[in-house]
Every structure is written in structure tokens, then in C-alpha cells.
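Data from protein_21.cif: mmCIF, C-alpha atoms
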```
data_coords
#
loop_
_atom_site.group_PDB
_atom_site.id
_atom_site.type_symbol
_atom_site.label_atom_id
_atom_site.label_comp_id
_atom_site.auth_asym_id
_atom_site.auth_seq_id
_atom_site.Cartn_x
_atom_site.Cartn_y
_atom_site.Cartn_z
ATOM 1 C CA MET A 24 -7.036 -7.978 -21.988
ATOM 2 C CA THR A 25 -7.450 -4.328 -21.168
ATOM 3 C CA GLY A 26 -10.988 -3.034 -20.768
ATOM 4 C CA PRO A 27 -12.443 0.167 -22.230
ATOM 5 C CA ASP A 28 -11.126 3.472 -20.938
ATOM 6 C CA LYS A 29 -13.374 5.935 -19.125
ATOM 7 C CA PRO A 30 -12.452 9.441 -17.881
ATOM 8 C CA VAL A 31 -12.627 9.989 -14.138
ATOM 9 C CA THR A 32 -12.456 13.523 -12.779
ATOM 10 C CA GLY A 33 -13.378 13.197 -9.091
ATOM 11 C CA THR A 34 -9.853 13.969 -7.914
ATOM 12 C CA ARG A 35 -9.675 17.312 -9.755
ATOM 13 C CA VAL A 36 -7.278 15.906 -12.345
ATOM 14 C CA GLU A 37 -8.477 13.791 -15.230
ATOM 15 C CA GLU A 38 -7.894 10.101 -14.706
ATOM 16 C CA THR A 39 -8.634 7.241 -17.072
ATOM 17 C CA ALA A 40 -10.126 4.011 -15.766
ATOM 18 C CA HIS A 41 -8.993 0.637 -17.095
ATOM 19 C CA SER A 42 -9.493 -3.041 -16.327
ATOM 20 C CA LEU A 43 -7.236 -6.030 -16.853
ATOM 21 C CA ASP A 44 -7.753 -9.792 -16.564
ATOM 22 C CA THR A 45 -4.609 -11.446 -15.223
ATOM 23 C CA HIS A 46 -3.558 -14.355 -13.005
ATOM 24 C CA GLY A 47 -7.113 -15.361 -12.095
ATOM 25 C CA ALA A 48 -8.215 -11.815 -11.225
ATOM 26 C CA ARG A 49 -9.997 -8.903 -12.850
ATOM 27 C CA LEU A 50 -8.144 -5.772 -11.780
ATOM 28 C CA HIS A 51 -9.220 -2.152 -12.068
ATOM 29 C CA TYR A 52 -6.744 0.697 -12.240
ATOM 30 C CA TRP A 53 -6.587 4.414 -12.989
ATOM 31 C CA THR A 54 -3.954 6.503 -14.746
ATOM 32 C CA ALA A 55 -3.360 10.252 -14.871
ATOM 33 C CA GLY A 56 -0.705 12.557 -16.247
ATOM 34 C CA ALA A 57 1.222 12.578 -19.487
ATOM 35 C CA ALA A 58 2.524 9.223 -20.717
ATOM 36 C CA ASP A 59 6.040 10.592 -21.244
ATOM 37 C CA ARG A 60 6.452 11.694 -17.609
ATOM 38 C CA PRO A 61 8.188 9.632 -14.898
ATOM 39 C CA ALA A 62 5.676 7.348 -13.230
ATOM 40 C CA VAL A 63 4.521 6.733 -9.669
ATOM 41 C CA ALA A 64 2.529 3.554 -8.945
ATOM 42 C CA LEU A 65 0.411 3.777 -5.781
ATOM 43 C CA THR A 66 -0.779 0.709 -3.840
ATOM 44 C CA HIS A 67 -3.289 1.015 -0.995
ATOM 45 C CA GLY A 68 -3.494 -0.695 2.393
ATOM 46 C CA ALA A 69 -5.436 -3.804 3.387
ATOM 47 C CA GLY A 70 -9.195 -3.281 3.433
ATOM 48 C CA ALA A 71 -8.982 0.055 1.591
ATOM 49 C CA ASP A 72 -9.006 0.814 -2.142
ATOM 50 C CA HIS A 73 -7.535 3.232 -4.679
ATOM 51 C CA ARG A 74 -9.516 6.159 -3.222
ATOM 52 C CA MET A 75 -7.171 6.391 -0.257
ATOM 53 C CA PHE A 76 -4.819 8.286 -2.577
ATOM 54 C CA ASP A 77 -7.359 10.908 -3.659
ATOM 55 C CA PRO A 78 -5.292 13.656 -1.950
ATOM 56 C CA GLN A 79 -2.031 12.509 -3.567
ATOM 57 C CA ILE A 80 -2.958 12.249 -7.248
ATOM 58 C CA PRO A 81 -3.402 15.984 -7.982
ATOM 59 C CA ALA A 82 -0.173 16.859 -6.156
ATOM 60 C CA LEU A 83 1.844 14.276 -8.073
ATOM 61 C CA VAL A 84 0.369 15.142 -11.455
ATOM 62 C CA ARG A 85 0.923 18.873 -10.869
ATOM 63 C CA ALA A 86 4.528 18.071 -9.946
ATOM 64 C CA GLY A 87 5.021 16.480 -13.364
ATOM 65 C CA TYR A 88 4.455 12.773 -12.718
ATOM 66 C CA ARG A 89 2.282 10.159 -14.342
ATOM 67 C CA THR A 90 0.300 8.162 -11.771
ATOM 68 C CA LEU A 91 -1.146 4.675 -11.713
ATOM 69 C CA ARG A 92 -3.281 3.584 -8.779
ATOM 70 C CA TRP A 93 -5.250 0.379 -8.529
ATOM 71 C CA ASP A 94 -7.566 -1.788 -6.502
ATOM 72 C CA VAL A 95 -5.568 -4.791 -5.302
ATOM 73 C CA ARG A 96 -7.332 -8.128 -5.870
ATOM 74 C CA TYR A 97 -10.100 -8.665 -3.266
ATOM 75 C CA HIS A 98 -10.422 -4.888 -2.873
ATOM 76 C CA GLY A 99 -12.695 -2.238 -4.330
ATOM 77 C CA ALA A 100 -13.726 -2.971 -7.909
ATOM 78 C CA SER A 101 -11.125 -5.732 -8.362
ATOM 79 C CA ALA A 102 -12.011 -9.389 -7.903
ATOM 80 C CA SER A 103 -10.136 -12.662 -7.664
ATOM 81 C CA GLY A 104 -11.174 -16.266 -8.177
ATOM 82 C CA THR A 105 -8.090 -17.814 -6.585
ATOM 83 C CA GLY A 106 -9.303 -17.861 -2.951
ATOM 84 C CA ARG A 107 -5.821 -16.967 -1.775
ATOM 85 C CA PHE A 108 -3.728 -13.835 -1.263
ATOM 86 C CA ARG A 109 0.046 -13.429 -1.162
ATOM 87 C CA THR A 110 2.194 -10.336 -1.645
ATOM 88 C CA GLU A 111 4.110 -12.051 -4.443
ATOM 89 C CA TYR A 112 0.856 -12.497 -6.368
ATOM 90 C CA ALA A 113 0.045 -8.820 -5.882
ATOM 91 C CA ALA A 114 3.536 -7.838 -7.082
ATOM 92 C CA GLN A 115 2.921 -9.892 -10.240
ATOM 93 C CA ASP A 116 -0.406 -8.120 -10.654
ATOM 94 C CA LEU A 117 1.277 -4.731 -10.396
ATOM 95 C CA ALA A 118 3.843 -5.696 -13.022
ATOM 96 C CA ALA A 119 1.025 -6.769 -15.355
ATOM 97 C CA LEU A 120 -0.788 -3.454 -14.840
ATOM 98 C CA LEU A 121 2.361 -1.435 -15.537
ATOM 99 C CA ASP A 122 2.880 -3.425 -18.739
ATOM 100 C CA ALA A 123 -0.748 -2.969 -19.803
ATOM 101 C CA ALA A 124 -0.576 0.771 -19.153
ATOM 102 C CA GLY A 125 2.693 1.120 -21.058
ATOM 103 C CA VAL A 126 4.454 2.565 -18.011
ATOM 104 C CA ARG A 127 8.135 3.123 -18.594
ATOM 105 C CA ARG A 128 10.550 1.691 -16.053
ATOM 106 C CA PRO A 129 12.106 2.445 -13.708
ATOM 107 C CA VAL A 130 9.038 3.479 -11.742
ATOM 108 C CA VAL A 131 8.577 4.973 -8.285
ATOM 109 C CA LEU A 132 6.566 2.659 -6.014
ATOM 110 C CA LEU A 133 4.431 4.285 -3.335
ATOM 111 C CA GLY A 134 2.596 2.051 -0.867
ATOM 112 C CA GLN A 135 0.619 2.446 2.338
ATOM 113 C CA SER A 136 0.672 -0.404 4.893
ATOM 114 C CA MET A 137 -0.015 -3.558 2.836
ATOM 115 C CA GLY A 138 0.857 -1.533 -0.242
ATOM 116 C CA GLY A 139 4.297 -0.953 1.239
ATOM 117 C CA ASN A 140 4.816 -4.702 1.580
ATOM 118 C CA ILE A 141 3.708 -5.254 -2.011
ATOM 119 C CA ALA A 142 6.129 -2.540 -3.153
ATOM 120 C CA GLN A 143 8.952 -4.238 -1.241
ATOM 121 C CA GLU A 144 8.108 -7.573 -2.871
ATOM 122 C CA TYR A 145 8.180 -5.958 -6.309
ATOM 123 C CA LEU A 146 11.530 -4.332 -5.540
ATOM 124 C CA ARG A 147 13.099 -7.618 -4.408
ATOM 125 C CA ARG A 148 11.947 -9.407 -7.544
ATOM 126 C CA ARG A 149 12.540 -6.612 -10.086
ATOM 127 C CA PRO A 150 15.127 -4.179 -8.636
ATOM 128 C CA GLU A 151 16.103 -2.850 -12.055
ATOM 129 C CA GLU A 152 12.509 -1.667 -12.621
ATOM 130 C CA VAL A 153 12.284 0.489 -9.479
ATOM 131 C CA ALA A 154 13.596 4.054 -9.271
ATOM 132 C CA ALA A 155 12.661 4.746 -5.635
ATOM 133 C CA LEU A 156 10.398 3.593 -2.824
ATOM 134 C CA VAL A 157 7.930 5.678 -0.799
ATOM 135 C CA VAL A 158 6.335 3.779 2.094
ATOM 136 C CA ILE A 159 3.682 5.035 4.527
ATOM 137 C CA GLY A 160 2.917 3.131 7.730
ATOM 138 C CA SER A 161 4.330 -0.272 6.802
ATOM 139 C CA THR A 162 6.691 -2.792 8.340
ATOM 140 C CA SER A 163 9.780 -4.087 6.598
ATOM 141 C CA SER A 164 9.213 -7.496 5.030
ATOM 142 C CA THR A 165 12.874 -8.439 5.371
ATOM 143 C CA LEU A 166 13.939 -7.336 8.861
ATOM 144 C CA PRO A 167 14.165 -10.116 11.465
ATOM 145 C CA ILE A 168 11.243 -10.385 13.883
ATOM 146 C CA THR A 169 11.102 -12.009 17.297
ATOM 147 C CA ARG A 170 9.331 -15.263 18.068
ATOM 148 C CA GLY A 171 6.802 -13.276 20.055
ATOM 149 C CA GLU A 172 6.062 -11.032 17.076
ATOM 150 C CA ARG A 173 5.648 -14.071 14.842
ATOM 151 C CA ARG A 174 3.272 -15.690 17.333
ATOM 152 C CA ARG A 175 1.215 -12.497 17.545
ATOM 153 C CA LEU A 176 0.912 -12.415 13.762
ATOM 154 C CA ALA A 177 -0.384 -15.979 13.733
ATOM 155 C CA LEU A 178 -2.752 -15.257 16.639
ATOM 156 C CA SER A 179 -4.161 -12.218 14.825
ATOM 157 C CA ARG A 180 -5.551 -14.510 12.109
ATOM 158 C CA THR A 181 -7.692 -16.259 14.711
ATOM 159 C CA LEU A 182 -8.716 -13.080 16.511
ATOM 160 C CA MET A 183 -9.803 -11.397 13.275
ATOM 161 C CA ARG A 184 -12.029 -14.369 12.429
ATOM 162 C CA LEU A 185 -13.637 -14.444 15.867
ATOM 163 C CA MET A 186 -14.544 -10.747 16.033
ATOM 164 C CA PRO A 187 -17.893 -9.724 14.449
ATOM 165 C CA TYR A 188 -16.956 -7.978 11.219
ATOM 166 C CA ARG A 189 -19.028 -4.844 11.778
ATOM 167 C CA ARG A 190 -17.354 -4.324 15.129
ATOM 168 C CA LEU A 191 -13.965 -5.067 13.567
ATOM 169 C CA THR A 192 -14.439 -2.450 10.836
ATOM 170 C CA ARG A 193 -15.340 0.247 13.361
ATOM 171 C CA TRP A 194 -12.335 -0.625 15.508
ATOM 172 C CA MET A 195 -9.930 -0.702 12.546
ATOM 173 C CA ALA A 196 -11.153 2.661 11.252
ATOM 174 C CA ARG A 197 -10.698 4.334 14.640
ATOM 175 C CA ALA A 198 -7.305 2.724 15.132
ATOM 176 C CA SER A 199 -6.067 3.709 11.668
ATOM 177 C CA ALA A 200 -7.073 7.358 11.287
ATOM 178 C CA GLU A 201 -7.205 10.517 13.357
ATOM 179 C CA ASP A 202 -9.273 12.514 10.879
ATOM 180 C CA PRO A 203 -13.072 11.863 11.096
ATOM 181 C CA GLY A 204 -13.445 11.956 7.333
ATOM 182 C CA ALA A 205 -10.663 9.397 6.915
ATOM 183 C CA GLN A 206 -12.306 7.178 9.525
ATOM 184 C CA GLU A 207 -15.625 7.342 7.669
ATOM 185 C CA TYR A 208 -13.957 6.462 4.364
ATOM 186 C CA LEU A 209 -12.207 3.467 5.950
ATOM 187 C CA ARG A 210 -15.403 2.184 7.575
ATOM 188 C CA GLU A 211 -17.162 2.347 4.223
ATOM 189 C CA ALA A 212 -14.279 0.685 2.349
ATOM 190 C CA PHE A 213 -13.937 -2.117 4.911
ATOM 191 C CA ALA A 214 -17.691 -2.777 4.785
ATOM 192 C CA THR A 215 -17.818 -2.730 0.976
ATOM 193 C CA ASN A 216 -14.886 -5.112 0.566
ATOM 194 C CA GLY A 217 -16.522 -7.526 3.012
ATOM 195 C CA ARG A 218 -15.431 -9.991 5.645
ATOM 196 C CA ARG A 219 -14.282 -12.833 3.394
ATOM 197 C CA ALA A 220 -12.065 -10.618 1.238
ATOM 198 C CA PHE A 221 -10.513 -8.934 4.269
ATOM 199 C CA LEU A 222 -9.759 -12.200 6.074
ATOM 200 C CA THR A 223 -8.257 -13.705 2.910
ATOM 201 C CA THR A 224 -6.025 -10.661 2.546
ATOM 202 C CA TRP A 225 -5.085 -10.597 6.227
ATOM 203 C CA ASP A 226 -4.113 -14.262 6.133
ATOM 204 C CA GLY A 227 -1.688 -13.510 3.308
ATOM 205 C CA MET A 228 -0.312 -10.395 4.951
ATOM 206 C CA THR A 229 0.579 -12.223 8.161
ATOM 207 C CA ARG A 230 2.740 -14.521 6.034
ATOM 208 C CA ALA A 231 4.541 -11.725 4.166
ATOM 209 C CA VAL A 232 7.510 -11.508 6.538
ATOM 210 C CA ASP A 233 10.597 -13.079 4.955
ATOM 211 C CA PRO A 234 13.638 -12.147 7.090
ATOM 212 C CA ALA A 235 16.842 -11.680 5.109
ATOM 213 C CA PRO A 236 19.627 -10.519 7.461
ATOM 214 C CA ASP A 237 22.022 -9.483 4.680
ATOM 215 C CA TYR A 238 19.442 -7.735 2.510
ATOM 216 C CA ARG A 239 19.751 -3.982 1.953
ATOM 217 C CA VAL A 240 17.717 -1.629 -0.219
ATOM 218 C CA GLU A 241 20.115 0.445 -2.282
ATOM 219 C CA LYS A 242 17.409 2.534 -3.971
ATOM 220 C CA PRO A 243 16.342 5.898 -2.513
ATOM 221 C CA GLU A 244 13.654 5.372 0.127
ATOM 222 C CA LEU A 245 11.215 7.715 1.849
ATOM 223 C CA LEU A 246 9.701 6.119 4.957
ATOM 224 C CA ILE A 247 6.751 7.933 6.567
ATOM 225 C CA CYS A 248 5.017 7.102 9.838
ATOM 226 C CA GLY A 249 2.188 8.889 11.619
ATOM 227 C CA GLU A 250 2.956 10.171 15.109
ATOM 228 C CA HIS A 251 -0.012 8.217 16.505
ATOM 229 C CA ASP A 252 0.432 5.048 14.440
ATOM 230 C CA SER A 253 0.089 2.285 17.021
ATOM 231 C CA THR A 254 -0.417 -0.526 14.510
ATOM 232 C CA GLY A 255 1.731 -3.476 15.550
ATOM 233 C CA ASN A 256 5.431 -2.620 15.630
ATOM 234 C CA ILE A 257 5.339 -0.285 12.638
ATOM 235 C CA ARG A 258 6.965 2.738 14.288
ATOM 236 C CA SER A 259 9.956 0.822 15.686
ATOM 237 C CA ALA A 260 10.250 -1.327 12.557
ATOM 238 C CA MET A 261 10.390 1.718 10.287
ATOM 239 C CA GLU A 262 13.065 3.284 12.484
ATOM 240 C CA ARG A 263 15.198 0.126 12.244
ATOM 241 C CA TRP A 264 14.475 -0.117 8.533
ATOM 242 C CA SER A 265 15.732 3.412 7.936
ATOM 243 C CA GLU A 266 18.867 2.742 9.976
ATOM 244 C CA ARG A 267 19.590 -0.366 7.895
ATOM 245 C CA ASP A 268 19.397 1.107 4.408
ATOM 246 C CA PRO A 269 22.009 3.602 3.177
ATOM 247 C CA ASN A 270 19.734 5.803 1.025
ATOM 248 C CA SER A 271 16.755 6.037 3.346
ATOM 249 C CA GLU A 272 15.094 8.968 5.093
ATOM 250 C CA PHE A 273 12.498 8.589 7.836
ATOM 251 C CA HIS A 274 9.834 11.129 8.825
ATOM 252 C CA VAL A 275 7.230 11.108 11.576
ATOM 253 C CA ILE A 276 4.099 13.115 10.697
ATOM 254 C CA PRO A 277 2.697 15.054 13.687
ATOM 255 C CA GLY A 278 -0.985 14.501 14.401
ATOM 256 C CA ALA A 279 -1.320 11.583 11.993
ATOM 257 C CA GLY A 280 -2.235 7.955 12.524
ATOM 258 C CA HIS A 281 -1.672 4.860 10.411
ATOM 259 C CA VAL A 282 -3.056 6.503 7.258
ATOM 260 C CA ALA A 283 -0.842 9.579 7.433
ATOM 261 C CA ASN A 284 -1.542 10.402 3.785
ATOM 262 C CA LEU A 285 -5.236 10.916 4.693
ATOM 263 C CA ASP A 286 -4.746 12.475 8.134
ATOM 264 C CA ARG A 287 -2.096 14.972 7.004
ATOM 265 C CA PRO A 288 -2.173 14.915 3.198
ATOM 266 C CA ASP A 289 -0.499 18.292 2.643
ATOM 267 C CA GLU A 290 2.550 17.319 4.694
ATOM 268 C CA VAL A 291 2.821 13.876 3.121
ATOM 269 C CA ASN A 292 2.487 15.405 -0.358
ATOM 270 C CA ARG A 293 5.141 18.013 0.438
ATOM 271 C CA LEU A 294 7.609 15.398 1.657
ATOM 272 C CA THR A 295 6.902 13.067 -1.250
ATOM 273 C CA VAL A 296 7.317 15.658 -3.998
ATOM 274 C CA ALA A 297 10.463 17.079 -2.373
ATOM 275 C CA PHE A 298 11.928 13.568 -2.128
ATOM 276 C CA LEU A 299 11.135 12.748 -5.756
ATOM 277 C CA LYS A 300 12.558 16.051 -6.993
ATOM 278 C CA ALA A 301 15.794 15.763 -4.972
#
```
The structure in this file should be written as C-alpha cells.
Amino acid sequence: MTGPDKPVTGTRVEETAHSLDTHGARLHYWTAGAADRPAVALTHGAGADHRMFDPQIPALVRAGYRTLRWDVRYHGASASGTGRFRTEYAAQDLAALLDAAGVRRPVVLLGQSMGGNIAQEYLRRRPEEVAALVVIGSTSSTLPITRGERRRLALSRTLMRLMPYRRLTRWMARASAEDPGAQEYLREAFATNGRRAFLTTWDGMTRAVDPAPDYRVEKPELLICGEHDSTGNIRSAMERWSERDPNSEFHVIPGAGHVANLDRPDEVNRLTVAFLKA
């Protein structure tokens, strides 16, 4: 069931807050813009929450789009009782939110890092419901990876559990953002979400790779990577991803890290709106 609506104005455009109980989780999401406008659904990265798109919502609404952003289960205000995370579950959650909000399809999916993997999962399962894909700092879920890359993913699950969480949050914030304000936001979000939720999510994310050599995305795609994004193999993977798909464009954002939409929001907003209007 959908919870009571409440206006939210912290992003300089009026948003309405909602909640939804679905698939063993209580999810919170926020909508803005006129209901008859084309929609953009925004999904944040692992350990973050819906606030990571604060700089994007006003730009998209002013450009004539309806927006829906949400806290993925185990993040922010959303909670889950399942004890497990998989991108396919999150894609089901997103579909349920779009239904609850009465969002018309096809919809544009915009995702950062983990959010990009969730968007890809949604697209594979419901291609007719997706108008375009905008991905910031995320690997392809379907490109082949080497044995070494697969081993490093598995090893990361152990390393994340061994590192003290407070130290891990500081390291992840510094590694993800160039902007001091973005780093502070990430530290706070990581700490608020907590160790158990992050490790549950990370376990699922390391299992999200599903190589499909013949798979191609035919929808329009905008792939964005920060110049200083050193997270895993994201830069090289996004380059190969763009080369694979026929309707893809790839941009590197100068001076930005993994969260390019927070480090260089004006440039990311400019590219995104221009892509959607093309």
C-alpha cells in the first residue's frame, strides 16, 4: 500500500514523499514534476540514498520532466526484512514504485554505480518499458569479465568484512568524490545506512555480473564517467560498453570522481538534458 504524501521542498522544487510496502520491504520514494510529463527514474549508488540526486532534480523538472527517486532497500529511509540483496529484486522494487506512482512507460532510467546496474537489470527484463538509459560511473552487467576480475570481486566481499566500518566509510568517501561537500555527504550516508546493510548490498552487487556475449542495448544510452573515477574497472568497462552498443554516447567529466553528478553537477545536468532532448 502507498503511504501518505508529504511535500518536500529541500531541492528547490516541490517533491512529494511516498512509501510503499512490497516484496518484503518498505520503500520510500519522492516524485516531482507534472504527472503528464515524460518521466525519469533515478537510482542511487551503493551506500548512498536518494539525496545524491539533489542537484539533478531541479534541472530535470525545469527541463519538463517528471522525476521519481527512491531509497533502494537497505538504504536511507527504506528497509528490508529479507536479509538478502540482488539487482533483480531491486528492479522488481522499481517496477512496483513506478506502478504505485502511476508513471507512464516508457520511462528514462538514470542510475549511478549500483543504480546503473539496477537500471540495466530493469532494461533486460522489461525493454518495452524503457525509453533510454543514463548511467554514471557503473560497469556493464553483461560484458564478459576476466577470471582475475571475477576473483577480485569475490575477494572484495571478504576484504569489506574485515575492514573496520568507520575506516571503510572514510576510505570509500575519499575514493568516490573529489568535492569536499560530496565526500561529507557520502561519509554521513554510509554511516547512517550502517555496516550490515552495506555488506548485504555489496554481497549482492558482486554477484550482479551476468555476461551475455550476444546482448546489445538498442535503446539510446548516455554513459558518463568521472575523469578521476578509479573504482574497479569502471572507466575501461564503460568505454567497451559504449563501443558495443549502437546508440550509445560516452563522456568523461573533467575533474570528477566516481560520483560525477555530485562533483560536477552542472556538466552532468547539461549533458543529461541535452541527451534527453535530442
Translate the PyMOL selection byres ((chain A and resi 44-46) around 10) into a concrete residue list for this structure, as a list of chain:residue names.
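Selected by the PyMOL selection byres ((chain A and resi 44-46) around 10) in this file: A:Met24, A:Thr25, A:Gly26, A:Ser42, A:Leu43, A:Gly47, A:Ala48, A:Arg49, A:Leu50, A:His51, A:Ser101, A:Ala102, A:Ser103, A:Gly104, A:Thr105, A:Tyr112, A:Ala113, A:Gln115, A:Asp116, A:Ala119, A:Leu120.
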For Glu152 of chain A, find every residue with an atom within 9 Å (counting all atoms listed in the file), except residues of its own chain fewer than 3 positions away, and show them as a PyMOL selection string.
chain A and resi 127-131+145-146+149
Let me know the residues the PyMOL selection byres ((chain A and resi 82-87) around 12) catches in the file above, as number ranges by chain.
A: 34-38, 54-65, 76-81, 88-92, 131, 133, 284, 288-300
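Residue selection for this entry, given the PyMOL selection byres ((chain A and resi 161-173) around 6), comprises A:Ser136, A:Gly139, A:Ile159, A:Gly160, A:Arg174, A:Arg175, A:Leu176, A:Val232, A:Asp233, A:Pro234, A:Ala235, A:Ile257, A:Ala260.
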State, in Å with one decimal place, the distance from atom CA of Lys242 of chain A to atom CA of Glu151 of chain A.
9.8 Å
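One finds atom CA of Val240 of chain A at 9.8 Å from atom CA of Ser265 of chain A.
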Taking all atoms listed in the file into account, name the residue in A:Asp286, A:Glu144, A:Asp226, A:Glu201 that is nearest to Thr181 of chain A.
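That would be A:Asp226, the residue with the smallest distance to Thr181 of chain A.
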Point-to-point distance in Å for atom CA of Leu191 of chain A and atom CA of His251 of chain A:
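So the two atoms, atom CA of His251 of chain A and atom CA of Leu191 of chain A, lie 19.5 Å apart.
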Could you check which of A:Val153, A:Ala301, A:Ala212, A:Val282 is closest to Asp94 of chain A, using only C-alpha atoms?
A:Ala212
Could you give me, as JSON, numbers by chain, the residues within 12 Å of segment 268-270 of chain A, counting all atoms listed in the file and dropping anything in the same chain fewer than 4 positions from it?
{"A": [155, 156, 157, 163, 165, 166, 237, 238, 239, 240, 241, 242, 243, 244, 245, 246, 261, 262, 263, 264, 298]}
Where is the centre and how long are the edges: axis-aligned box on segment 157-163 of chain A, 5 Å on each side, Å to one decimal, as AutoDock Vina command-line options:
```
--center_x 6.3 --center_y 0.8 --center_z 3.8 --size_x 16.9 --size_y 19.8 --size_z 19.1
```
Considering only C-alpha atoms, can you say which of A:Gln135, A:Ser199, A:Thr66, A:Thr192 comes closest to Glu211 of chain A?
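Smallest separation from Glu211 of chain A among the options: A:Thr192.
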Of the listed residues A:Glu250, A:Asp72, A:Glu272, A:Glu266, that which approaches Gly134 of chain A most closely, counting all atoms listed in the file
A:Asp72
Within 6 Å of Tyr52 of chain A, counting all atoms listed in the file, which residues qualify if same-chain residues fewer than 2 places away don't, as JSON, numbers by chain?
{"A": [40, 41, 92, 93]}
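Closest approach to His274 of chain A among A:Met186, A:Val158, A:Pro203, A:Phe213: A:Val158, based on only C-alpha atoms.
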Please provide the set of residues having any atom within 12 Å of Leu222 of chain A, restricted to all atoms listed in the file, with same-chain residues fewer than 4 positions apart removed, written as a list in words.
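The residues that qualify are Ala69, Gly70, Tyr97, His98, Gly106, Arg107, Phe108, Ser179, Arg180, Thr181, Leu182, Met183, Arg184, Leu185, Met186, Pro187, Tyr188, Leu191, Thr192, Phe213, Asn216, Gly217, Arg218, Asp226, Gly227, Met228 and Thr229 of chain A.
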Generate the coordinates of N, CA and C atoms for segment 115-138 of chain A; report them as a PDB file, in the frame of the given file.
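What landed in out.pdb:
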```pdb
ATOM      1  N   GLN A 115       3.104  -9.475  -8.850  1.00  0.00           N
ATOM      2  CA  GLN A 115       2.921  -9.892 -10.240  1.00  0.00           C
ATOM      3  C   GLN A 115       1.785  -9.109 -10.895  1.00  0.00           C
ATOM      4  N   ASP A 116       0.712  -8.906 -10.135  1.00  0.00           N
ATOM      5  CA  ASP A 116      -0.406  -8.120 -10.654  1.00  0.00           C
ATOM      6  C   ASP A 116       0.039  -6.712 -11.024  1.00  0.00           C
ATOM      7  N   LEU A 117       0.818  -6.096 -10.134  1.00  0.00           N
ATOM      8  CA  LEU A 117       1.277  -4.731 -10.396  1.00  0.00           C
ATOM      9  C   LEU A 117       2.144  -4.678 -11.642  1.00  0.00           C
ATOM     10  N   ALA A 118       3.015  -5.655 -11.813  1.00  0.00           N
ATOM     11  CA  ALA A 118       3.843  -5.696 -13.022  1.00  0.00           C
ATOM     12  C   ALA A 118       2.974  -5.795 -14.272  1.00  0.00           C
ATOM     13  N   ALA A 119       1.920  -6.614 -14.202  1.00  0.00           N
ATOM     14  CA  ALA A 119       1.025  -6.769 -15.355  1.00  0.00           C
ATOM     15  C   ALA A 119       0.300  -5.457 -15.664  1.00  0.00           C
ATOM     16  N   LEU A 120      -0.114  -4.734 -14.622  1.00  0.00           N
ATOM     17  CA  LEU A 120      -0.788  -3.454 -14.840  1.00  0.00           C
ATOM     18  C   LEU A 120       0.155  -2.431 -15.476  1.00  0.00           C
ATOM     19  N   LEU A 121       1.389  -2.376 -14.980  1.00  0.00           N
ATOM     20  CA  LEU A 121       2.361  -1.435 -15.537  1.00  0.00           C
ATOM     21  C   LEU A 121       2.618  -1.753 -17.011  1.00  0.00           C
ATOM     22  N   ASP A 122       2.707  -3.031 -17.335  1.00  0.00           N
ATOM     23  CA  ASP A 122       2.880  -3.425 -18.739  1.00  0.00           C
ATOM     24  C   ASP A 122       1.677  -2.998 -19.569  1.00  0.00           C
ATOM     25  N   ALA A 123       0.470  -3.289 -19.054  1.00  0.00           N
ATOM     26  CA  ALA A 123      -0.748  -2.969 -19.803  1.00  0.00           C
ATOM     27  C   ALA A 123      -0.889  -1.476 -20.038  1.00  0.00           C
ATOM     28  N   ALA A 124      -0.462  -0.687 -19.048  1.00  0.00           N
ATOM     29  CA  ALA A 124      -0.576   0.771 -19.153  1.00  0.00           C
ATOM     30  C   ALA A 124       0.576   1.394 -19.933  1.00  0.00           C
ATOM     31  N   GLY A 125       1.548   0.595 -20.321  1.00  0.00           N
ATOM     32  CA  GLY A 125       2.693   1.120 -21.058  1.00  0.00           C
ATOM     33  C   GLY A 125       3.575   2.023 -20.219  1.00  0.00           C
ATOM     34  N   VAL A 126       3.655   1.740 -18.916  1.00  0.00           N
ATOM     35  CA  VAL A 126       4.454   2.565 -18.011  1.00  0.00           C
ATOM     36  C   VAL A 126       5.928   2.246 -18.195  1.00  0.00           C
ATOM     37  N   ARG A 127       6.703   3.291 -18.428  1.00  0.00           N
ATOM     38  CA  ARG A 127       8.135   3.123 -18.594  1.00  0.00           C
ATOM     39  C   ARG A 127       8.788   2.834 -17.245  1.00  0.00           C
ATOM     40  N   ARG A 128       9.749   1.937 -17.226  1.00  0.00           N
ATOM     41  CA  ARG A 128      10.550   1.691 -16.053  1.00  0.00           C
ATOM     42  C   ARG A 128      11.896   2.417 -16.202  1.00  0.00           C
ATOM     43  N   PRO A 129      12.519   2.757 -15.078  1.00  0.00           N
ATOM     44  CA  PRO A 129      12.106   2.445 -13.708  1.00  0.00           C
ATOM     45  C   PRO A 129      10.969   3.335 -13.236  1.00  0.00           C
ATOM     46  N   VAL A 130      10.209   2.810 -12.269  1.00  0.00           N
ATOM     47  CA  VAL A 130       9.038   3.479 -11.742  1.00  0.00           C
ATOM     48  C   VAL A 130       9.212   3.694 -10.246  1.00  0.00           C
ATOM     49  N   VAL A 131       8.628   4.757  -9.726  1.00  0.00           N
ATOM     50  CA  VAL A 131       8.577   4.973  -8.285  1.00  0.00           C
ATOM     51  C   VAL A 131       7.400   4.172  -7.729  1.00  0.00           C
ATOM     52  N   LEU A 132       7.632   3.409  -6.674  1.00  0.00           N
ATOM     53  CA  LEU A 132       6.566   2.659  -6.014  1.00  0.00           C
ATOM     54  C   LEU A 132       6.204   3.346  -4.706  1.00  0.00           C
ATOM     55  N   LEU A 133       4.928   3.664  -4.555  1.00  0.00           N
ATOM     56  CA  LEU A 133       4.431   4.285  -3.335  1.00  0.00           C
ATOM     57  C   LEU A 133       3.369   3.365  -2.743  1.00  0.00           C
ATOM     58  N   GLY A 134       3.553   2.954  -1.484  1.00  0.00           N
ATOM     59  CA  GLY A 134       2.596   2.051  -0.867  1.00  0.00           C
ATOM     60  C   GLY A 134       2.296   2.421   0.560  1.00  0.00           C
ATOM     61  N   GLN A 135       1.022   2.225   0.949  1.00  0.00           N
ATOM     62  CA  GLN A 135       0.619   2.446   2.338  1.00  0.00           C
ATOM     63  C   GLN A 135       0.314   1.099   2.977  1.00  0.00           C
ATOM     64  N   SER A 136       0.910   0.831   4.133  1.00  0.00           N
ATOM     65  CA  SER A 136       0.672  -0.404   4.893  1.00  0.00           C
ATOM     66  C   SER A 136       0.886  -1.624   3.995  1.00  0.00           C
ATOM     67  N   MET A 137      -0.152  -2.414   3.725  1.00  0.00           N
ATOM     68  CA  MET A 137      -0.015  -3.558   2.836  1.00  0.00           C
ATOM     69  C   MET A 137       0.630  -3.165   1.521  1.00  0.00           C
ATOM     70  N   GLY A 138       0.270  -2.002   1.006  1.00  0.00           N
ATOM     71  CA  GLY A 138       0.857  -1.533  -0.242  1.00  0.00           C
ATOM     72  C   GLY A 138       2.357  -1.381  -0.157  1.00  0.00           C
TER      73      GLY A 138
END
```
